[in-house]
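Presented below is the structure to which this report refers.
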Amino acid sequence: MPLPRLIPCLDVAGGRVVKGVRFQGLRDVGDPVELGAAYSDAGADELVFLDVKATLDGRRTLVELVRRIAERLAIPFTVGGGVRGVGDAEELLAAGADKVAVNSAALERPELLTELAERLGSQAVVVAIDAEGGLVRSRAGTAPTGREAVAWAREAESRGAGEVLLTSIDADGTRNGYDLSLTGAVAGAVDVPVIASGGAGGARHVADALEVAQAALLASILHEDPERLVSLRAELRDLGVAVRWS
Amino acid sequence: MNVAICEYGAGNVRSVELAFRRLGAERVDDVRGADLAVLPGVGSARAAMEGLRASGHDEALRERFAAGRPILGICLGLQLALEETEEDGGVAGLGLLPGRAVRLRGGRIPRIGWAEVDGRGAFYFAHSYAAETPCATAWSEGIVAEVRDGAFLGCQFHPEKSGPAGSRYLEALCLSRV
């Protein structure tokens, strides 16, 4: 198995990186190009960019911004938000993304995952799932779908998704730890890699998440100090987690 | 030195271009004449082979290989250089090298993440198929990570996405080919 991954996440709205608690009260935490470059330099294993307003605003992802971020990266780059078709995904890859994440559009039309996988390969297709109380919500957490997160993850995998990015809305931004039971249930239900998201407050939380998932998404605890990624990696190694030594 | 990157609708062309540009290489369009030709690969095998044929890069690469001019194949680009791949129900490759790409067995698939390559450090992989070939020159967790035959060098990992380790790998390649 490849090494467990630490993945900083840039939630972007209005061209700025934002962060809230349980998807609410978004506040400005920095410039996406500068933060992305800082994370790449600090040894991030990947970078995720989510345009959290694209679907709500009914527009596509900020391609030009993606292009400027990609220019500064030498690590894998996943981009999501507003991807509705193969054309959108190809445009993002041409701008420098390596994978695309789809969320609301796949819930509305699950065949989209198959279309993307046939064109881009499964390894470039990430299904992003936002869950509250084990149930999936779409449109940046604003709309209930009634689907169970575990069942949707399994269906998304069967339709071609090559990775699951699972965000617990309950844990998001709280720094109280990842939702380990939900993450473990999803990881146990699929054979593709799972990225745990929401709730990281310290190394112990990340270590616990990496027991059940293949990667951990990080946002709140890093944005004020991207160098925290370096010390976090050392703390994880002290806890016996075999993260990459960059 | 100058580098031609095959564009055929199935590559992360821009990532590869940025990586070579950081090393001071110039990008050119002439796949036949460039100092180095790169066959990148992100995508599915059938669509990629169709793209290679439609663009004429398949013939250009065969000519280069026959003339002993250097080619770098990355990920799917490595697999397409083999005789065939199991992907998409079976697809014939360029046949530059003996061997075939087979689906990975065991572990989570796609195999995504950083993994050690024969004590050279960790590199980034993202794949569901891997080469079986007598031309293997490096392994990662029992999986073929690098192949060499004549003028062809293939890596299953993505050096353009492997941070400083990947940059050093590409730099060594550039230095050996000028």
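Ligands are numbered from 1 in the order shown, residues from 1 within each chain, and chains are lettered A, B, ... in the order they appear in the structure tokens.
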Q. What residues in chain B lie within 6 Å of chain A, counting only C-alpha atoms, written as a PyMOL selection string?
A. chain B and resi 14-15+43-44+108-110+113-115+126+161-163
Would you put the residues from that selection into a file with C-alpha atoms, as a PDB file, in the first residue's frame?
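Contents of selection10.pdb, freshly written:
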ATOM      1  CA  ARG B  14       0.431  20.994 -18.739  1.00  0.00           C
ATOM      2  CA  SER B  15       1.818  19.354 -15.583  1.00  0.00           C
ATOM      3  CA  GLY B  43      -6.741   8.340 -19.079  1.00  0.00           C
ATOM      4  CA  SER B  44      -8.080   5.062 -20.301  1.00  0.00           C
ATOM      5  CA  ARG B 108      -7.040  -0.670  -2.897  1.00  0.00           C
ATOM      6  CA  ILE B 109      -7.390   0.011  -6.613  1.00  0.00           C
ATOM      7  CA  PRO B 110      -6.657   2.512  -8.106  1.00  0.00           C
ATOM      8  CA  GLY B 113      -0.270   7.764  -3.386  1.00  0.00           C
ATOM      9  CA  TRP B 114       3.432   7.981  -2.692  1.00  0.00           C
ATOM     10  CA  ALA B 115       5.409   4.753  -2.545  1.00  0.00           C
ATOM     11  CA  ALA B 126      -1.988   6.745  -9.567  1.00  0.00           C
ATOM     12  CA  LYS B 161       4.008  15.228  -9.586  1.00  0.00           C
ATOM     13  CA  SER B 162       6.607  13.813  -7.209  1.00  0.00           C
ATOM     14  CA  GLY B 163       7.960  17.022  -5.695  1.00  0.00           C
TER      15      GLY B 163
END
(Q) So that I can see what lies close to stretch 227-241 of chain A, please list as a list in words the residues with an atom at most 7 Å from it, counting only C-alpha atoms and leaving out residues fewer than 4 positions away in the same chain. (A)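 The residues that qualify are Ala42, Ala203, Ala207 and Leu222 of chain A.
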Kindly export the residues of the current selection with C-alpha atoms, as a PDB file, in the first residue's frame.
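Output (selection-v8.pdb):
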ATOM      1  CA  ALA A  42       5.956  22.444   3.005  1.00  0.00           C
ATOM      2  CA  ALA A 203      -1.809  14.917  15.238  1.00  0.00           C
ATOM      3  CA  ALA A 207      -3.348   9.434  13.195  1.00  0.00           C
ATOM      4  CA  LEU A 222      -3.123  24.576   8.669  1.00  0.00           C
TER       5      LEU A 222
END
Q) From the set A:Ala89, A:Leu10, A:Phe23, A:Gly15, which residue has the shortest atom-to-atom contact distance to A:Glu64, counting only C-alpha atoms? A) A:Gly15
Counting only C-alpha atoms, what is within 6 Å of A:Val102, bar same-chain residues fewer than 2 positions away, as a PDB file with N, CA and C atoms, in the first residue's frame?
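New file result26.pdb:
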ATOM      1  N   GLY A  80     -12.385  20.525  -7.575  1.00  0.00           N
ATOM      2  CA  GLY A  80     -13.815  20.249  -7.615  1.00  0.00           C
ATOM      3  C   GLY A  80     -14.630  21.505  -7.423  1.00  0.00           C
ATOM      4  N   VAL A 127     -15.126  11.054  -6.134  1.00  0.00           N
ATOM      5  CA  VAL A 127     -16.476  11.434  -5.730  1.00  0.00           C
ATOM      6  C   VAL A 127     -16.372  12.080  -4.357  1.00  0.00           C
ATOM      7  N   ALA A 128     -16.850  13.324  -4.267  1.00  0.00           N
ATOM      8  CA  ALA A 128     -16.842  14.038  -2.993  1.00  0.00           C
ATOM      9  C   ALA A 128     -18.219  13.864  -2.361  1.00  0.00           C
TER      10      ALA A 128
END
Q.
DSSP on the backbone: which residues in stretch 56-215 of chain A end up as alpha helix (DSSP H)? Give the answer as a PyMOL selection string.
A. chain A and resi 56-57+63-70+86-94+104-108+111-120+149-159+180-189+203-212
Output C-alpha atoms of each residue in that selection to a file, as a PDB file, in the first residue's frame.
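Result file is part.pdb:
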ATOM      1  CA  LEU A  56     -24.806  27.388  -5.684  1.00  0.00           C
ATOM      2  CA  ASP A  57     -23.945  30.214  -8.087  1.00  0.00           C
ATOM      3  CA  VAL A  63     -10.427  27.758 -14.325  1.00  0.00           C
ATOM      4  CA  GLU A  64      -8.046  30.691 -14.480  1.00  0.00           C
ATOM      5  CA  LEU A  65      -7.405  30.474 -10.744  1.00  0.00           C
ATOM      6  CA  VAL A  66      -6.810  26.731 -11.060  1.00  0.00           C
ATOM      7  CA  ARG A  67      -4.283  27.471 -13.800  1.00  0.00           C
ATOM      8  CA  ARG A  68      -2.399  29.951 -11.604  1.00  0.00           C
ATOM      9  CA  ILE A  69      -2.282  27.556  -8.655  1.00  0.00           C
ATOM     10  CA  ALA A  70      -1.128  24.631 -10.823  1.00  0.00           C
ATOM     11  CA  VAL A  86     -16.752  15.678 -19.288  1.00  0.00           C
ATOM     12  CA  GLY A  87     -16.013  19.007 -20.978  1.00  0.00           C
ATOM     13  CA  ASP A  88     -15.683  20.791 -17.613  1.00  0.00           C
ATOM     14  CA  ALA A  89     -13.357  18.068 -16.363  1.00  0.00           C
ATOM     15  CA  GLU A  90     -11.155  18.172 -19.459  1.00  0.00           C
ATOM     16  CA  GLU A  91     -10.882  21.933 -19.175  1.00  0.00           C
ATOM     17  CA  LEU A  92      -9.670  21.599 -15.567  1.00  0.00           C
ATOM     18  CA  LEU A  93      -7.137  18.922 -16.502  1.00  0.00           C
ATOM     19  CA  ALA A  94      -5.871  21.126 -19.306  1.00  0.00           C
ATOM     20  CA  SER A 104     -23.809  17.536  -6.589  1.00  0.00           C
ATOM     21  CA  ALA A 105     -23.758  16.789 -10.311  1.00  0.00           C
ATOM     22  CA  ALA A 106     -23.033  13.098  -9.673  1.00  0.00           C
ATOM     23  CA  LEU A 107     -25.899  12.902  -7.186  1.00  0.00           C
ATOM     24  CA  GLU A 108     -28.252  14.370  -9.776  1.00  0.00           C
ATOM     25  CA  GLU A 111     -23.863   8.264 -14.984  1.00  0.00           C
ATOM     26  CA  LEU A 112     -21.563  11.286 -14.995  1.00  0.00           C
ATOM     27  CA  LEU A 113     -19.063   9.236 -12.975  1.00  0.00           C
ATOM     28  CA  THR A 114     -18.950   6.561 -15.691  1.00  0.00           C
ATOM     29  CA  GLU A 115     -18.561   9.137 -18.451  1.00  0.00           C
ATOM     30  CA  LEU A 116     -15.668  10.761 -16.605  1.00  0.00           C
ATOM     31  CA  ALA A 117     -13.973   7.435 -15.853  1.00  0.00           C
ATOM     32  CA  GLU A 118     -14.218   6.273 -19.471  1.00  0.00           C
ATOM     33  CA  ARG A 119     -12.606   9.472 -20.662  1.00  0.00           C
ATOM     34  CA  LEU A 120     -10.116  10.285 -17.885  1.00  0.00           C
ATOM     35  CA  ALA A 149     -23.380   7.892   2.619  1.00  0.00           C
ATOM     36  CA  VAL A 150     -22.167   4.277   2.684  1.00  0.00           C
ATOM     37  CA  ALA A 151     -24.595   3.189  -0.051  1.00  0.00           C
ATOM     38  CA  TRP A 152     -23.771   6.199  -2.226  1.00  0.00           C
ATOM     39  CA  ALA A 153     -20.031   5.612  -1.868  1.00  0.00           C
ATOM     40  CA  ARG A 154     -20.504   2.024  -3.001  1.00  0.00           C
ATOM     41  CA  GLU A 155     -22.648   3.050  -5.960  1.00  0.00           C
ATOM     42  CA  ALA A 156     -20.196   5.791  -6.959  1.00  0.00           C
ATOM     43  CA  GLU A 157     -17.365   3.256  -6.911  1.00  0.00           C
ATOM     44  CA  SER A 158     -19.319   0.831  -9.091  1.00  0.00           C
ATOM     45  CA  ARG A 159     -19.984   3.658 -11.562  1.00  0.00           C
ATOM     46  CA  LEU A 180     -14.187   7.772  12.565  1.00  0.00           C
ATOM     47  CA  SER A 181     -17.284   5.572  12.574  1.00  0.00           C
ATOM     48  CA  LEU A 182     -18.631   7.020   9.316  1.00  0.00           C
ATOM     49  CA  THR A 183     -15.179   7.034   7.690  1.00  0.00           C
ATOM     50  CA  GLY A 184     -14.564   3.459   8.780  1.00  0.00           C
ATOM     51  CA  ALA A 185     -17.960   2.343   7.474  1.00  0.00           C
ATOM     52  CA  VAL A 186     -17.344   3.906   4.056  1.00  0.00           C
ATOM     53  CA  ALA A 187     -13.763   2.606   3.853  1.00  0.00           C
ATOM     54  CA  GLY A 188     -15.044  -0.851   4.708  1.00  0.00           C
ATOM     55  CA  ALA A 189     -17.682  -0.700   1.983  1.00  0.00           C
ATOM     56  CA  ALA A 203      -1.809  14.917  15.238  1.00  0.00           C
ATOM     57  CA  ARG A 204      -3.721  12.345  17.289  1.00  0.00           C
ATOM     58  CA  HIS A 205      -6.893  12.998  15.276  1.00  0.00           C
ATOM     59  CA  VAL A 206      -5.028  12.626  12.012  1.00  0.00           C
ATOM     60  CA  ALA A 207      -3.348   9.434  13.195  1.00  0.00           C
ATOM     61  CA  ASP A 208      -6.737   7.991  14.151  1.00  0.00           C
ATOM     62  CA  ALA A 209      -8.204   8.915  10.746  1.00  0.00           C
ATOM     63  CA  LEU A 210      -5.282   7.281   8.940  1.00  0.00           C
ATOM     64  CA  GLU A 211      -6.044   4.036  10.786  1.00  0.00           C
ATOM     65  CA  VAL A 212      -9.277   3.757   8.797  1.00  0.00           C
TER      66      VAL A 212
END
Q.
Given only C-alpha atoms as the basis, pick out the residue of B:Glu160, B:Glu87, B:Asp35, B:Asp30 nearest to B:Met49.
A. B:Glu87
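With only C-alpha atoms as the basis for measurement, B:Glu171 is the residue among B:Glu171, B:Asp58, B:Glu83, B:Glu141 that approaches B:Leu23 most closely.
Closest approach to A:Ala219 among A:Val126, A:Val79, A:Val18, A:Val33: A:Val18, based on only C-alpha atoms.
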**Q.** 12 Å contact set for B:Ala48, only C-alpha atoms, chain neighbours under 6 positions out, as number ranges by chain
**A.** A: 118-121; B: 6-11, 39-42, 54-55, 57-58, 76-77, 79-81, 85, 87-88, 91-94
Q. Distance atom CA of B:Val28-atom CA of B:Ile71, one decimal place?
A. 14.2 Å
Q: From a DSSP pass on the backbone, collect the residues of stretch 27-193 of chain A flagged as strand (DSSP E) and hand them back as a PyMOL selection string.
A: chain A and resi 27-30+47-51+77-80+99-102+125-132+135-138+143-148+163-168
Dump C-alpha atoms for the selected residues as a tab-separated table (two decimals), in the first residue's frame?
chain	number	residue	atom	x	y	z
A	27	ARG	CA	-14.30	33.51	6.89
A	28	ASP	CA	-11.42	34.59	4.70
A	29	VAL	CA	-8.17	32.79	5.52
A	30	GLY	CA	-5.93	33.66	2.59
A	47	LEU	CA	-3.53	19.54	-2.77
A	48	VAL	CA	-7.32	19.76	-3.06
A	49	PHE	CA	-9.13	22.84	-4.36
A	50	LEU	CA	-12.90	23.04	-3.90
A	51	ASP	CA	-14.84	25.95	-5.37
A	77	PHE	CA	-3.80	18.55	-7.64
A	78	THR	CA	-7.49	17.68	-7.29
A	79	VAL	CA	-10.08	20.28	-8.29
A	80	GLY	CA	-13.81	20.25	-7.62
A	99	LYS	CA	-8.04	14.75	-10.77
A	100	VAL	CA	-11.52	16.18	-10.67
A	101	ALA	CA	-13.90	15.91	-7.74
A	102	VAL	CA	-17.63	15.72	-8.39
A	125	VAL	CA	-12.27	10.77	-10.79
A	126	VAL	CA	-12.98	11.58	-7.15
A	127	VAL	CA	-16.48	11.43	-5.73
A	128	ALA	CA	-16.84	14.04	-2.99
A	129	ILE	CA	-19.48	13.14	-0.42
A	130	ASP	CA	-20.72	15.56	2.25
A	131	ALA	CA	-22.55	13.70	5.02
A	132	GLU	CA	-24.52	14.75	8.07
A	135	LEU	CA	-26.86	10.95	5.18
A	136	VAL	CA	-25.61	12.68	2.05
A	137	ARG	CA	-26.27	16.38	1.47
A	138	SER	CA	-25.69	18.10	-1.86
A	143	ALA	CA	-29.82	20.20	0.29
A	144	PRO	CA	-30.72	16.82	1.81
A	145	THR	CA	-30.73	13.86	-0.58
A	146	GLY	CA	-32.00	11.09	1.71
A	147	ARG	CA	-29.21	8.82	0.48
A	148	GLU	CA	-27.03	6.94	2.93
A	163	GLU	CA	-11.45	7.71	-4.88
A	164	VAL	CA	-13.90	8.85	-2.19
A	165	LEU	CA	-13.45	12.22	-0.48
A	166	LEU	CA	-15.71	11.91	2.55
A	167	THR	CA	-16.49	15.06	4.53
A	168	SER	CA	-18.40	14.87	7.78
Q) Which is closer to B:Gly68 than all the others in B:Gly150, B:Pro159, B:Gly142, B:Gly56, using only C-alpha atoms? A)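 Going through B:Gly150, B:Pro159, B:Gly142, B:Gly56 one by one, the smallest distance to B:Gly68 is for B:Gly150.
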Q | Distance query B:Ala131 at most 6 Å, only C-alpha atoms, self and fewer than 6 positions along chain excluded, as an MDAnalysis selection string | A | chainID B and resid 100:101 144
